Amino acid sequence: MLATRPEDVTALAASHPIPDPTPLENYYAADSHLQSALRRYYRDDPTGWQEAETLLTQWGATCAKKIAPLYEVVERHGPTLYQYNRRGERVDELEFHPGYHEIGKMVYGLGMAEMCNRPDPASQLLKFAAMYLYGQAEGSISCPVSMTDILARVLNKYGSPELRASYIPRLTSRDYDQLYTGAMFMTEKTGGSDVGATTTIARQTSEGWELSGDKWFCSNVGADLILTLARPEGAPGGTRGLGLFLVPRLLPDGRRNSYVINRLKDKLGTRGMASGEVTLQGATAYLIEPLERGFVMMMEMVNGTRLYSGVGGASSLRRGLVEAIRHTRARVAFGKPLAEQPLIAEKLADMVADNRATTSLALATAHRLDLADRRESQNAPVLSRLLISLLKRYATDHGVQGAQAALELRGGNGYIEDWPNARLLRDAYVNIIWEGGINMVAFDVLRTLEREAAWPVFVEVVQEELSAVTNSAVIELRDTIQDDLSLLEKQVERIMGQTRAGQEIAAPLLSETMAALYAVALLTAEADFGLQTQPADLRPLQVARRYQTRFLRPMLAKLAILDGPSPEAADLIGIVD
């Protein structure tokens, strides 16, 4: 048989009925919305914008051409736990595919854990824009990256001078061989979201603190430094009795600390990263003082990693959209590309609107964290906490929806591991669960509205975006969003006047609707900004209108009919034996 000529292979591939679209060369260069949305934040800082564009352009190419294909290999060769060495000694060592470390060198080398923790910090906005690009390449190693960054943030804010001097340089190193990675071990068998049920005990000895207990779900289980909660002997129950402790993997003399990794989790997704179960056996720990503020300080860690999860959700939605668009443009059925079929065109247009809304929400939340860090206003910290919860609730859920829609649009091939869709969907799901499920995050929104009077703060930030609109083509949309805000305010007043049960039932949809309303305000302001430089391009305005019609308005209508617990709920549950 004659060998097939290269030109014949090329021609066959071009005419093959199953298209294999060429992967993007640069995630940043291909994302005009990300570029325009970011530029609005840098409108008064041309030098900063030029530096950001240079970094993100280079990083977008790295993520697309190097990290994404490398992670496909890493994900198929997950970590291995070796509990004992050849002499029978307990070692609990993890072995990763070499590609895992190659990715680590790139992402930590960029400074993802360093740039916002140095004396002259970069903006959270720039860091999370880079993370948004990275999340399109992989959704697994991003977990250790996020915890390393935020653990350094917590230590910088609350740690003693001795702890900061010992560990901050290693947590923020761009040299992968010198780097310490971080983790947060919170979940126990007694309670996931119910952190107050923590049973790990802290005992104070003449030499310091020792922790004993089990941690049930420990992501980045091989981390060098761990933040965890434990209850000192004699402390009260609930979250008020918990202290915050830093647990090193290795003690100053090089010995392993006194805890064991019982096993690695066999997970649905994020298979390239090691999650496990840990038993603390009198492990040496350093108290982060004050003792009685342990849970409050840990929430600083949780909020930071929640923002990472929200950005991860936005990344999942963006990557799903890219896969869907490129496939449906190339796949021909019934005589024309799928993207030109009416029903699919409508689905894709909705995905475009949702992608842009979610991305804008993620960028705005990162920007508001910058303002909170700089204490730009008295309300900035409250707004930052609220927006992080709204983003986590919205973006992680819609990230799964986007990944699922992309899989469906690719059809049977989307269900096969040869294609990226199955992994994208598996990895997207974890963002919903990490750092508190979306229902628990919705309850945090309730608490922020109740205890911190966050509604007027939310209204103010929405009005701030809408007040920037001056273009006559956008003013009509702006005014209808004002009407939507008034409708939502009435629903907030009604819901906050209900029983606690009624509030909890409404909380998830209320949180999603608040996120959607802020998102459409952002899209409207972006459309107005874009018309200043491209007056003929009305597509951003079309996106904002579509998002209001297809997403926000149905949420408002559904929210209006929620009216407390349904009397038949218990009866229906009882149907199942």
# chains A, B, ... in the order shown; residues from 1 in each chain; ligands from 1
$ closest_atom_pairs --of "segment 422-507 of chain A" --to "segment 351-366 of chain A" --cutoff "12 Å" --atoms "only C-alpha atoms" --output "Markdown table"
| residue | atom | partner | partner_atom | distance |
| --- | --- | --- | --- | --- |
| A:Val461 | CA | A:Ala364 | CA | 10.4 |
| A:Val462 | CA | A:Ala364 | CA | 11.3 |
| A:Glu465 | CA | A:Ala364 | CA | 10.5 |
$ closest_atom_pairs --of "segment 382-439 of chain A" --to "segment 209-226 of chain A" --cutoff "12 Å" --atoms "only C-alpha atoms" --output "tab-separated table"
residue	atom	partner	partner_atom	distance
A:Val430	CA	A:Ser219	CA	11.2
A:Ile433	CA	A:Phe217	CA	11.4
A:Trp434	CA	A:Ser219	CA	9.6
A:Glu435	CA	A:Ser219	CA	11.0
$ write_last_selection --atoms "all heavy atoms" --output "PDB file, in the first residue's frame"
ATOM      1  N   VAL A 430     -16.863  21.792  40.317  1.00  0.00           N
ATOM      2  CA  VAL A 430     -16.253  21.962  41.638  1.00  0.00           C
ATOM      3  C   VAL A 430     -16.347  23.408  42.124  1.00  0.00           C
ATOM      4  O   VAL A 430     -16.382  23.667  43.331  1.00  0.00           O
ATOM      5  CB  VAL A 430     -14.783  21.477  41.632  1.00  0.00           C
ATOM      6  CG1 VAL A 430     -13.864  22.503  40.996  1.00  0.00           C
ATOM      7  CG2 VAL A 430     -14.326  21.144  43.049  1.00  0.00           C
ATOM      8  N   ILE A 433     -19.058  23.988  44.514  1.00  0.00           N
ATOM      9  CA  ILE A 433     -18.913  23.379  45.840  1.00  0.00           C
ATOM     10  C   ILE A 433     -17.824  24.049  46.669  1.00  0.00           C
ATOM     11  O   ILE A 433     -17.993  24.254  47.876  1.00  0.00           O
ATOM     12  CB  ILE A 433     -18.611  21.877  45.678  1.00  0.00           C
ATOM     13  CG1 ILE A 433     -19.758  21.186  44.945  1.00  0.00           C
ATOM     14  CG2 ILE A 433     -18.359  21.212  47.031  1.00  0.00           C
ATOM     15  CD1 ILE A 433     -19.434  19.781  44.498  1.00  0.00           C
ATOM     16  N   TRP A 434     -16.709  24.365  46.045  1.00  0.00           N
ATOM     17  CA  TRP A 434     -15.582  24.951  46.779  1.00  0.00           C
ATOM     18  C   TRP A 434     -16.014  26.176  47.589  1.00  0.00           C
ATOM     19  O   TRP A 434     -16.803  27.001  47.122  1.00  0.00           O
ATOM     20  CB  TRP A 434     -14.485  25.376  45.800  1.00  0.00           C
ATOM     21  CG  TRP A 434     -13.459  24.314  45.523  1.00  0.00           C
ATOM     22  CD1 TRP A 434     -13.161  23.224  46.291  1.00  0.00           C
ATOM     23  CD2 TRP A 434     -12.592  24.242  44.390  1.00  0.00           C
ATOM     24  NE1 TRP A 434     -12.156  22.488  45.711  1.00  0.00           N
ATOM     25  CE2 TRP A 434     -11.781  23.083  44.553  1.00  0.00           C
ATOM     26  CE3 TRP A 434     -12.401  25.049  43.270  1.00  0.00           C
ATOM     27  CZ2 TRP A 434     -10.814  22.719  43.618  1.00  0.00           C
ATOM     28  CZ3 TRP A 434     -11.441  24.678  42.342  1.00  0.00           C
ATOM     29  CH2 TRP A 434     -10.658  23.526  42.518  1.00  0.00           C
ATOM     30  N   GLU A 435     -15.467  26.301  48.770  1.00  0.00           N
ATOM     31  CA  GLU A 435     -15.630  27.475  49.642  1.00  0.00           C
ATOM     32  C   GLU A 435     -17.089  27.767  49.986  1.00  0.00           C
ATOM     33  O   GLU A 435     -17.502  28.921  50.106  1.00  0.00           O
ATOM     34  CB  GLU A 435     -14.997  28.733  49.016  1.00  0.00           C
ATOM     35  CG  GLU A 435     -13.736  28.527  48.224  1.00  0.00           C
ATOM     36  CD  GLU A 435     -12.673  27.679  48.932  1.00  0.00           C
ATOM     37  OE1 GLU A 435     -12.894  27.196  50.055  1.00  0.00           O
ATOM     38  OE2 GLU A 435     -11.618  27.460  48.331  1.00  0.00           O
TER      39      GLU A 435
END
$ residues_around --residues "Ala137 of chain A" --least-positions-apart "6" --cutoff "10 Å" --atoms "only C-alpha atoms" --output "PDB file with N, CA and C atoms, in the first residue's frame"
ATOM      1  N   TYR A  27      -5.733  33.373  24.141  1.00  0.00           N
ATOM      2  CA  TYR A  27      -7.029  33.600  24.775  1.00  0.00           C
ATOM      3  C   TYR A  27      -7.335  35.086  24.945  1.00  0.00           C
ATOM      4  N   GLY A  60      -1.887  35.284  27.628  1.00  0.00           N
ATOM      5  CA  GLY A  60      -2.951  34.643  26.859  1.00  0.00           C
ATOM      6  C   GLY A  60      -2.410  33.632  25.875  1.00  0.00           C
ATOM      7  N   THR A  62       0.533  32.019  26.273  1.00  0.00           N
ATOM      8  CA  THR A  62       1.075  30.924  27.088  1.00  0.00           C
ATOM      9  C   THR A  62      -0.025  29.960  27.510  1.00  0.00           C
ATOM     10  N   CYS A  63      -1.145  30.518  27.950  1.00  0.00           N
ATOM     11  CA  CYS A  63      -2.256  29.668  28.402  1.00  0.00           C
ATOM     12  C   CYS A  63      -2.806  28.817  27.260  1.00  0.00           C
ATOM     13  N   ALA A  64      -2.954  29.419  26.083  1.00  0.00           N
ATOM     14  CA  ALA A  64      -3.562  28.714  24.955  1.00  0.00           C
ATOM     15  C   ALA A  64      -2.621  27.695  24.330  1.00  0.00           C
ATOM     16  N   LYS A  65      -1.371  28.069  24.146  1.00  0.00           N
ATOM     17  CA  LYS A  65      -0.459  27.229  23.370  1.00  0.00           C
ATOM     18  C   LYS A  65       0.372  26.268  24.216  1.00  0.00           C
ATOM     19  N   LYS A  66       0.560  26.593  25.483  1.00  0.00           N
ATOM     20  CA  LYS A  66       1.417  25.749  26.320  1.00  0.00           C
ATOM     21  C   LYS A  66       0.636  25.036  27.428  1.00  0.00           C
ATOM     22  N   ILE A  67      -0.099  25.820  28.220  1.00  0.00           N
ATOM     23  CA  ILE A  67      -0.727  25.228  29.400  1.00  0.00           C
ATOM     24  C   ILE A  67      -1.892  24.314  29.027  1.00  0.00           C
ATOM     25  N   ALA A  68      -2.770  24.771  28.130  1.00  0.00           N
ATOM     26  CA  ALA A  68      -3.961  23.974  27.787  1.00  0.00           C
ATOM     27  C   ALA A  68      -3.599  22.584  27.252  1.00  0.00           C
ATOM     28  N   PRO A  69      -2.737  22.466  26.255  1.00  0.00           N
ATOM     29  CA  PRO A  69      -2.399  21.105  25.784  1.00  0.00           C
ATOM     30  C   PRO A  69      -1.620  20.291  26.815  1.00  0.00           C
ATOM     31  N   LEU A  70      -0.804  20.943  27.627  1.00  0.00           N
ATOM     32  CA  LEU A  70      -0.043  20.230  28.639  1.00  0.00           C
ATOM     33  C   LEU A  70      -0.979  19.666  29.706  1.00  0.00           C
ATOM     34  N   TYR A  71      -2.001  20.428  30.068  1.00  0.00           N
ATOM     35  CA  TYR A  71      -2.895  19.946  31.116  1.00  0.00           C
ATOM     36  C   TYR A  71      -3.738  18.759  30.645  1.00  0.00           C
ATOM     37  N   GLU A  72      -4.011  18.661  29.370  1.00  0.00           N
ATOM     38  CA  GLU A  72      -4.732  17.489  28.873  1.00  0.00           C
ATOM     39  C   GLU A  72      -3.991  16.204  29.225  1.00  0.00           C
ATOM     40  N   MET A 131      -5.932  35.412  35.781  1.00  0.00           N
ATOM     41  CA  MET A 131      -6.494  34.148  36.247  1.00  0.00           C
ATOM     42  C   MET A 131      -7.664  33.706  35.367  1.00  0.00           C
ATOM     43  N   SER A 315     -14.471  31.690  33.665  1.00  0.00           N
ATOM     44  CA  SER A 315     -13.551  31.069  32.699  1.00  0.00           C
ATOM     45  C   SER A 315     -14.189  29.853  32.037  1.00  0.00           C
ATOM     46  N   SER A 316     -14.907  29.047  32.831  1.00  0.00           N
ATOM     47  CA  SER A 316     -15.571  27.862  32.272  1.00  0.00           C
ATOM     48  C   SER A 316     -16.598  28.255  31.224  1.00  0.00           C
ATOM     49  N   ARG A 319     -14.690  29.452  28.029  1.00  0.00           N
ATOM     50  CA  ARG A 319     -14.109  28.352  27.257  1.00  0.00           C
ATOM     51  C   ARG A 319     -15.214  27.534  26.599  1.00  0.00           C
ATOM     52  N   LEU A 424     -14.099  19.867  30.742  1.00  0.00           N
ATOM     53  CA  LEU A 424     -14.538  21.220  31.097  1.00  0.00           C
ATOM     54  C   LEU A 424     -15.748  21.164  32.019  1.00  0.00           C
TER      55      LEU A 424
END
$ closest_residue --among "A:Ala516, A:Ala428, A:Ala330, A:Ala283" --to "Arg255 of chain A" --atoms "only C-alpha atoms"
A:Ala283
$ residues_around --residues "Val296 of chain A" --least-positions-apart "3" --cutoff "10 Å" --atoms "only C-alpha atoms" --output "CSV table (one decimal) with all heavy atoms, in the first residue's frame"
chain,number,residue,atom,x,y,z
A,239,THR,N,-18.9,28.7,66.0
A,239,THR,CA,-17.7,29.3,65.4
A,239,THR,C,-17.0,30.2,66.3
A,239,THR,O,-15.8,30.5,66.1
A,239,THR,CB,-18.1,30.1,64.1
A,239,THR,OG1,-19.1,31.1,64.5
A,239,THR,CG2,-18.7,29.2,63.1
A,240,ARG,N,-17.6,30.7,67.3
A,240,ARG,CA,-17.0,31.7,68.3
A,240,ARG,C,-15.8,31.0,69.0
A,240,ARG,O,-14.9,31.7,69.5
A,240,ARG,CB,-18.0,32.3,69.2
A,240,ARG,CG,-19.0,33.2,68.5
A,240,ARG,CD,-20.0,33.8,69.6
A,240,ARG,NE,-21.0,34.6,68.9
A,240,ARG,CZ,-20.8,35.9,68.6
A,240,ARG,NH1,-19.6,36.5,69.0
A,240,ARG,NH2,-21.7,36.6,68.1
A,242,LEU,N,-13.6,28.8,67.9
A,242,LEU,CA,-12.6,28.3,67.0
A,242,LEU,C,-11.4,29.3,66.9
A,242,LEU,O,-11.6,30.5,66.8
A,242,LEU,CB,-13.2,28.0,65.6
A,242,LEU,CG,-14.3,27.0,65.5
A,242,LEU,CD1,-14.8,26.9,64.1
A,242,LEU,CD2,-13.7,25.6,65.9
A,243,GLY,N,-10.2,28.7,66.9
A,243,GLY,CA,-9.0,29.5,66.7
A,243,GLY,C,-8.5,29.1,65.3
A,243,GLY,O,-8.7,28.1,64.7
A,244,LEU,N,-7.7,30.0,64.8
A,244,LEU,CA,-7.1,29.9,63.4
A,244,LEU,C,-5.6,29.5,63.6
A,244,LEU,O,-4.9,30.2,64.4
A,244,LEU,CB,-7.2,31.1,62.6
A,244,LEU,CG,-6.6,31.1,61.2
A,244,LEU,CD1,-7.3,30.1,60.3
A,244,LEU,CD2,-6.7,32.5,60.5
A,292,GLU,N,-9.8,34.4,69.8
A,292,GLU,CA,-11.2,34.5,69.6
A,292,GLU,C,-11.7,35.0,68.3
A,292,GLU,O,-12.9,35.0,68.0
A,292,GLU,CB,-11.8,35.4,70.7
A,292,GLU,CG,-11.4,36.8,70.7
A,292,GLU,CD,-10.1,37.2,71.3
A,292,GLU,OE1,-9.4,36.2,71.7
A,292,GLU,OE2,-9.8,38.4,71.5
A,293,ARG,N,-10.8,35.4,67.4
A,293,ARG,CA,-11.1,35.9,66.1
A,293,ARG,C,-10.8,34.9,65.0
A,293,ARG,O,-10.8,35.3,63.8
A,293,ARG,CB,-10.4,37.2,65.8
A,293,ARG,CG,-10.7,38.4,66.8
A,293,ARG,CD,-12.0,39.0,66.4
A,293,ARG,NE,-11.9,39.8,65.2
A,293,ARG,CZ,-13.0,40.4,64.6
A,293,ARG,NH1,-14.2,40.3,65.1
A,293,ARG,NH2,-12.8,41.0,63.5
A,299,MET,N,-12.4,33.6,57.4
A,299,MET,CA,-13.3,34.1,56.4
A,299,MET,C,-12.6,35.0,55.4
A,299,MET,O,-13.0,35.1,54.3
A,299,MET,CB,-14.5,34.8,57.0
A,299,MET,CG,-15.6,33.8,57.6
A,299,MET,SD,-16.1,32.5,56.5
A,299,MET,CE,-16.9,33.5,55.2
A,300,GLU,N,-11.5,35.6,55.8
A,300,GLU,CA,-10.7,36.4,54.9
A,300,GLU,C,-10.1,35.4,53.8
A,300,GLU,O,-10.1,35.8,52.6
A,300,GLU,CB,-9.6,37.1,55.6
A,300,GLU,CG,-8.7,37.9,54.7
A,300,GLU,CD,-9.2,39.3,54.5
A,300,GLU,OE1,-10.0,39.8,55.3
A,300,GLU,OE2,-8.9,39.9,53.5
A,301,MET,N,-9.7,34.2,54.2
A,301,MET,CA,-9.2,33.2,53.3
A,301,MET,C,-10.4,32.7,52.4
A,301,MET,O,-10.2,32.6,51.2
A,301,MET,CB,-8.6,32.1,54.1
A,301,MET,CG,-8.1,30.9,53.3
A,301,MET,SD,-6.4,31.1,52.9
A,301,MET,CE,-6.0,29.6,52.0
A,302,VAL,N,-11.5,32.5,53.0
A,302,VAL,CA,-12.6,31.9,52.3
A,302,VAL,C,-13.1,32.9,51.2
A,302,VAL,O,-13.4,32.6,50.1
A,302,VAL,CB,-13.8,31.6,53.3
A,302,VAL,CG1,-15.1,31.2,52.5
A,302,VAL,CG2,-13.4,30.4,54.1
$ atom_distance --atom1 "atom CA of Trp455 of chain A" --atom2 "atom CA of Val195 of chain A"
26.6 Å
$ closest_residue --among "A:Ala113, A:Pro236, A:Glu277, A:Gly312" --to "Met186 of chain A" --atoms "only C-alpha atoms"
A:Glu277
$ residues_around --residues "Ile261 of chain A" --least-positions-apart "6" --cutoff "10 Å" --atoms "only C-alpha atoms" --output "mmCIF file with C-alpha atoms, in the first residue's frame"
data_model
loop_
_atom_site.group_PDB
_atom_site.id
_atom_site.type_symbol
_atom_site.label_atom_id
_atom_site.label_comp_id
_atom_site.auth_asym_id
_atom_site.auth_seq_id
_atom_site.Cartn_x
_atom_site.Cartn_y
_atom_site.Cartn_z
ATOM 1 C CA LEU A 81 0.157 8.922 47.071
ATOM 2 C CA TYR A 82 3.010 6.860 48.512
ATOM 3 C CA GLN A 83 2.292 6.430 52.199
ATOM 4 C CA ARG A 90 5.533 6.613 56.864
ATOM 5 C CA VAL A 91 6.339 9.331 54.319
ATOM 6 C CA ASP A 92 3.042 10.396 52.657
ATOM 7 C CA GLU A 93 4.778 11.635 49.525
ATOM 8 C CA LEU A 94 2.906 12.717 46.400
ATOM 9 C CA LYS A 215 -10.105 16.814 58.056
ATOM 10 C CA CYS A 218 -8.303 18.695 51.824
ATOM 11 C CA VAL A 221 -3.266 17.942 50.361
ATOM 12 C CA GLY A 222 0.513 18.004 49.934
ATOM 13 C CA SER A 275 -7.304 16.193 47.321
ATOM 14 C CA GLY A 276 -7.239 13.904 50.313
ATOM 15 C CA GLU A 277 -8.260 13.009 53.843
ATOM 16 C CA VAL A 278 -5.966 13.982 56.707
ATOM 17 C CA THR A 279 -5.631 13.004 60.352
ATOM 18 C CA LEU A 280 -3.805 15.464 62.586
#
$ closest_residue --among "A:Arg494, A:Arg76, A:Arg40, A:Arg553" --to "Thr513 of chain A" --atoms "only C-alpha atoms"
A:Arg553
$ residues_around --residues "Leu38 of chain A" --least-positions-apart "4" --cutoff "9 Å" --atoms "only C-alpha atoms" --output "mmCIF file with all heavy atoms, in the first residue's frame"
data_model
loop_
_atom_site.group_PDB
_atom_site.id
_atom_site.type_symbol
_atom_site.label_atom_id
_atom_site.label_comp_id
_atom_site.auth_asym_id
_atom_site.auth_seq_id
_atom_site.Cartn_x
_atom_site.Cartn_y
_atom_site.Cartn_z
ATOM 1 N N HIS A 33 -14.148 41.458 24.112
ATOM 2 C CA HIS A 33 -14.900 41.985 25.248
ATOM 3 C C HIS A 33 -14.006 42.153 26.469
ATOM 4 O O HIS A 33 -14.071 43.175 27.170
ATOM 5 C CB HIS A 33 -16.074 41.075 25.602
ATOM 6 C CG HIS A 33 -16.736 41.474 26.889
ATOM 7 N ND1 HIS A 33 -16.691 40.696 28.011
ATOM 8 C CD2 HIS A 33 -17.420 42.594 27.235
ATOM 9 C CE1 HIS A 33 -17.328 41.304 28.997
ATOM 10 N NE2 HIS A 33 -17.782 42.458 28.551
ATOM 11 N N LEU A 34 -13.171 41.176 26.747
ATOM 12 C CA LEU A 34 -12.256 41.303 27.878
ATOM 13 C C LEU A 34 -11.368 42.527 27.706
ATOM 14 O O LEU A 34 -11.150 43.297 28.666
ATOM 15 C CB LEU A 34 -11.398 40.043 28.007
ATOM 16 C CG LEU A 34 -10.341 40.049 29.111
ATOM 17 C CD1 LEU A 34 -10.980 40.173 30.486
ATOM 18 C CD2 LEU A 34 -9.476 38.786 29.025
ATOM 19 N N TYR A 42 -8.874 51.218 33.028
ATOM 20 C CA TYR A 42 -7.578 51.876 32.869
ATOM 21 C C TYR A 42 -7.692 53.184 32.078
ATOM 22 O O TYR A 42 -6.684 53.704 31.608
ATOM 23 C CB TYR A 42 -6.606 50.940 32.138
ATOM 24 C CG TYR A 42 -6.060 49.815 32.985
ATOM 25 C CD1 TYR A 42 -6.684 48.570 33.008
ATOM 26 C CD2 TYR A 42 -4.912 49.990 33.754
ATOM 27 C CE1 TYR A 42 -6.175 47.528 33.773
ATOM 28 C CE2 TYR A 42 -4.388 48.950 34.518
ATOM 29 C CZ TYR A 42 -5.027 47.727 34.527
ATOM 30 O OH TYR A 42 -4.520 46.692 35.285
ATOM 31 N N ARG A 43 -8.914 53.708 31.921
ATOM 32 C CA ARG A 43 -9.090 54.865 31.030
ATOM 33 C C ARG A 43 -8.294 56.093 31.477
ATOM 34 O O ARG A 43 -7.960 56.948 30.646
ATOM 35 C CB ARG A 43 -10.571 55.212 30.899
ATOM 36 C CG ARG A 43 -11.313 55.465 32.195
ATOM 37 C CD ARG A 43 -12.812 55.634 31.915
ATOM 38 N NE ARG A 43 -13.613 55.791 33.118
ATOM 39 C CZ ARG A 43 -14.136 54.785 33.821
ATOM 40 N NH1 ARG A 43 -13.916 53.542 33.413
ATOM 41 N NH2 ARG A 43 -14.849 55.006 34.900
ATOM 42 N N TRP A 49 -2.310 50.718 31.504
ATOM 43 C CA TRP A 49 -3.008 49.932 30.484
ATOM 44 C C TRP A 49 -2.023 49.274 29.525
ATOM 45 O O TRP A 49 -2.179 48.097 29.183
ATOM 46 C CB TRP A 49 -3.979 50.813 29.716
ATOM 47 C CG TRP A 49 -4.573 50.165 28.498
ATOM 48 C CD1 TRP A 49 -4.430 50.559 27.205
ATOM 49 C CD2 TRP A 49 -5.382 48.994 28.470
ATOM 50 N NE1 TRP A 49 -5.105 49.702 26.364
ATOM 51 C CE2 TRP A 49 -5.707 48.726 27.117
ATOM 52 C CE3 TRP A 49 -5.869 48.140 29.459
ATOM 53 C CZ2 TRP A 49 -6.478 47.647 26.735
ATOM 54 C CZ3 TRP A 49 -6.651 47.044 29.068
ATOM 55 C CH2 TRP A 49 -6.955 46.816 27.723
ATOM 56 N N LEU A 125 -7.400 43.479 40.031
ATOM 57 C CA LEU A 125 -8.022 43.441 38.706
ATOM 58 C C LEU A 125 -7.104 42.780 37.686
ATOM 59 O O LEU A 125 -7.528 41.895 36.921
ATOM 60 C CB LEU A 125 -8.380 44.863 38.254
ATOM 61 C CG LEU A 125 -8.966 45.003 36.852
ATOM 62 C CD1 LEU A 125 -10.307 44.300 36.750
ATOM 63 C CD2 LEU A 125 -9.099 46.484 36.478
ATOM 64 N N LEU A 126 -5.844 43.169 37.658
ATOM 65 C CA LEU A 126 -4.896 42.598 36.703
ATOM 66 C C LEU A 126 -4.672 41.117 37.012
ATOM 67 O O LEU A 126 -4.661 40.275 36.100
ATOM 68 C CB LEU A 126 -3.575 43.356 36.763
ATOM 69 C CG LEU A 126 -2.451 42.809 35.881
ATOM 70 C CD1 LEU A 126 -2.851 42.826 34.414
ATOM 71 C CD2 LEU A 126 -1.163 43.598 36.099
ATOM 72 N N ALA A 129 -7.709 39.125 35.982
ATOM 73 C CA ALA A 129 -7.811 39.047 34.526
ATOM 74 C C ALA A 129 -6.879 37.956 34.001
ATOM 75 O O ALA A 129 -7.243 37.170 33.118
ATOM 76 C CB ALA A 129 -7.470 40.397 33.897
ATOM 77 N N SER A 360 -17.876 40.523 32.985
ATOM 78 C CA SER A 360 -17.932 41.885 33.512
ATOM 79 C C SER A 360 -18.124 41.887 35.018
ATOM 80 O O SER A 360 -17.515 42.688 35.741
ATOM 81 C CB SER A 360 -19.074 42.657 32.838
ATOM 82 O OG SER A 360 -18.841 42.805 31.454
ATOM 83 N N LEU A 363 -14.734 40.951 36.666
ATOM 84 C CA LEU A 363 -13.777 42.059 36.648
ATOM 85 C C LEU A 363 -14.173 43.146 37.638
ATOM 86 O O LEU A 363 -13.322 43.692 38.352
ATOM 87 C CB LEU A 363 -13.676 42.643 35.241
ATOM 88 C CG LEU A 363 -13.111 41.728 34.152
ATOM 89 C CD1 LEU A 363 -13.150 42.420 32.793
ATOM 90 C CD2 LEU A 363 -11.693 41.274 34.485
#
$ select_by_dssp --residues "segment 166-395 of chain A" --states "strand (DSSP E or B)" --output "PyMOL selection string"
chain A and resi 182-185+187-188+191+201-205+208-219+225-232+243-248+250+256+259-264+275-288+332-333+336-337
$ select_by_dssp --residues "segment 292-447 of chain A" --states "alpha helix (DSSP H)" --output "ChimeraX atom specification"
/A:294-330,342-373,380-410,421-433,438-447
$ residues_around --residues "Ala507 of chain A" --least-positions-apart "5" --cutoff "9 Å" --atoms "only C-alpha atoms" --output "ChimeraX atom specification"
/A:439,442-443,445-446,495,502,512
$ closest_residue --among "A:Val154, A:Leu321, A:Val145, A:Met106" --to "Asn303 of chain A" --atoms "only C-alpha atoms"
A:Val154
$ closest_residue --among "A:Gly99, A:Gly191, A:Pro252, A:Gly111" --to "Tyr167 of chain A" --atoms "only C-alpha atoms"
A:Pro252
$ closest_residue --among "A:Leu163, A:Ile141, A:Leu179, A:Leu246" --to "Tyr100 of chain A" --atoms "only C-alpha atoms"
A:Ile141
$ atom_distance --atom1 "atom CA of Phe458 of chain A" --atom2 "atom CA of Arg39 of chain A"
23.4 Å
